[in-house]
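The block underneath contains the structure these notes are about, expressed in structure tokens.
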Amino acid sequence: MMKIFDVDYRRLVALMLPPVLRKPVLQAWLNSIVYAVQLLYNDFRANRKNNLYRLSITPQVCYLQKALNDRYDYVSRRIRIGENILHDPKYIFRREALKPLYVAGRAAGQPPFIYTRKETTDISVDFLVMLPAGLRYTEDEMRAFINSYKLASKDYKIQMT
């Protein structure tokens, strides 16, 4: 931090007082007058520290992950940001055809997976925010927090793991 913002008001009062008037009672009285300024100064320093932290977070994955863990999981730090795995969409039938829903199995007898629209290449998200099970959070507040740091063109999905 810059030294320009480091002010010791008790010492400043003592230094600004002429040596002849440096009595304990007068210094205590002047310190009580300066106390309100010192409280405002402490608020200013706390606000400056918060602003410097907020400016240090960028849309990079490592910094966004750090900010999420600092805010929601400070001790365990289990929140991760990962890439979205895109799958080819499975074509079943057109709605206009009015055919019954039937999906043929694979060679091994296992049915193919059917993915949601966000998991396919048609409509995709850019990254996943993977939260541990049992984490307490408010989704609207977390979305607002992520939106304040991510790039405007990026889309994401919050997912419990």
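Each chain in the structure tokens gets a letter, A, B and so on, in the order shown; residues start at 1 in every chain, and ligands are counted from 1 in the order they appear.
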* **All residues 12 Å or closer to Phe44 (chain A), only C-alpha atoms, same chain fewer than 6 positions away omitted, as a list in words** =>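 Counting only the stated atoms, we get Phe5, Asp6, Val7, Val37, Gln38, Asn50 and Asn51 of chain A.
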* To do: For Val125 (chain A), please output as a PyMOL selection string all residues within 6 Å (counting only C-alpha atoms; exclusion window: fewer than 2 positions along the same chain).
  => chain A and resi 127+155-156
With N, CA and C atoms retained, could you export that selection as a PDB file, in the first residue's frame?
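File written: part17.pdb
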ATOM      1  N   PHE A 127     -18.801 -21.469 -19.466  1.00  0.00           N
ATOM      2  CA  PHE A 127     -18.133 -22.117 -18.341  1.00  0.00           C
ATOM      3  C   PHE A 127     -19.156 -22.559 -17.316  1.00  0.00           C
ATOM      4  N   ASP A 155     -21.475 -16.704 -21.038  1.00  0.00           N
ATOM      5  CA  ASP A 155     -22.640 -17.281 -20.375  1.00  0.00           C
ATOM      6  C   ASP A 155     -22.152 -18.419 -19.493  1.00  0.00           C
ATOM      7  N   TYR A 156     -22.839 -18.679 -18.398  1.00  0.00           N
ATOM      8  CA  TYR A 156     -22.394 -19.696 -17.458  1.00  0.00           C
ATOM      9  C   TYR A 156     -23.600 -20.429 -16.873  1.00  0.00           C
TER      10      TYR A 156
END
* **Computed interatomic separation between CA of Lys66 (chain A) and CA of Asn42 (chain A) (Å)** =>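 Computed distance, CA of Lys66 (chain A) to CA of Asn42 (chain A), equals 26.3 Å.
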* **Polymer residues at most 12 Å from Asn147 (chain A), only C-alpha atoms, same-chain spacing of 6 or more positions, as a PyMOL selection string** => chain A and resi 58-59+64+68+139-141+153-157
Would you mind exporting N, CA and C atoms of the selected residues as a short mmCIF file (atom, residue, chain, number, x, y, z; two decimals), in the first residue's frame?
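Result file selection_3.cif:
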data_model
loop_
_atom_site.label_atom_id
_atom_site.label_comp_id
_atom_site.auth_asym_id
_atom_site.auth_seq_id
_atom_site.Cartn_x
_atom_site.Cartn_y
_atom_site.Cartn_z
N THR A 58 -10.12 -10.11 -11.82
CA THR A 58 -10.38 -9.94 -13.25
C THR A 58 -11.26 -11.09 -13.73
N PRO A 59 -11.72 -11.07 -14.97
CA PRO A 59 -12.55 -12.17 -15.48
C PRO A 59 -11.79 -13.47 -15.72
N LEU A 64 -11.60 -15.30 -10.75
CA LEU A 64 -13.03 -15.46 -10.48
C LEU A 64 -13.26 -16.59 -9.49
N LEU A 68 -14.96 -16.21 -5.74
CA LEU A 68 -16.09 -17.03 -5.30
C LEU A 68 -15.75 -17.79 -4.02
N GLU A 139 -28.97 -18.10 -4.88
CA GLU A 139 -28.60 -18.14 -6.30
C GLU A 139 -28.63 -16.76 -6.94
N ASP A 140 -29.63 -15.95 -6.63
CA ASP A 140 -29.70 -14.61 -7.22
C ASP A 140 -28.50 -13.76 -6.82
N GLU A 141 -28.11 -13.87 -5.56
CA GLU A 141 -26.97 -13.08 -5.10
C GLU A 141 -25.67 -13.58 -5.73
N SER A 153 -19.98 -10.99 -22.59
CA SER A 153 -20.33 -11.91 -23.67
C SER A 153 -20.34 -13.37 -23.23
N LYS A 154 -19.91 -13.66 -22.02
CA LYS A 154 -19.81 -15.04 -21.55
C LYS A 154 -21.08 -15.46 -20.82
N ASP A 155 -21.48 -16.70 -21.04
CA ASP A 155 -22.64 -17.28 -20.38
C ASP A 155 -22.15 -18.42 -19.49
N TYR A 156 -22.84 -18.68 -18.40
CA TYR A 156 -22.39 -19.70 -17.46
C TYR A 156 -23.60 -20.43 -16.87
N LYS A 157 -23.29 -21.52 -16.19
CA LYS A 157 -24.30 -22.31 -15.52
C LYS A 157 -23.78 -22.68 -14.15
#
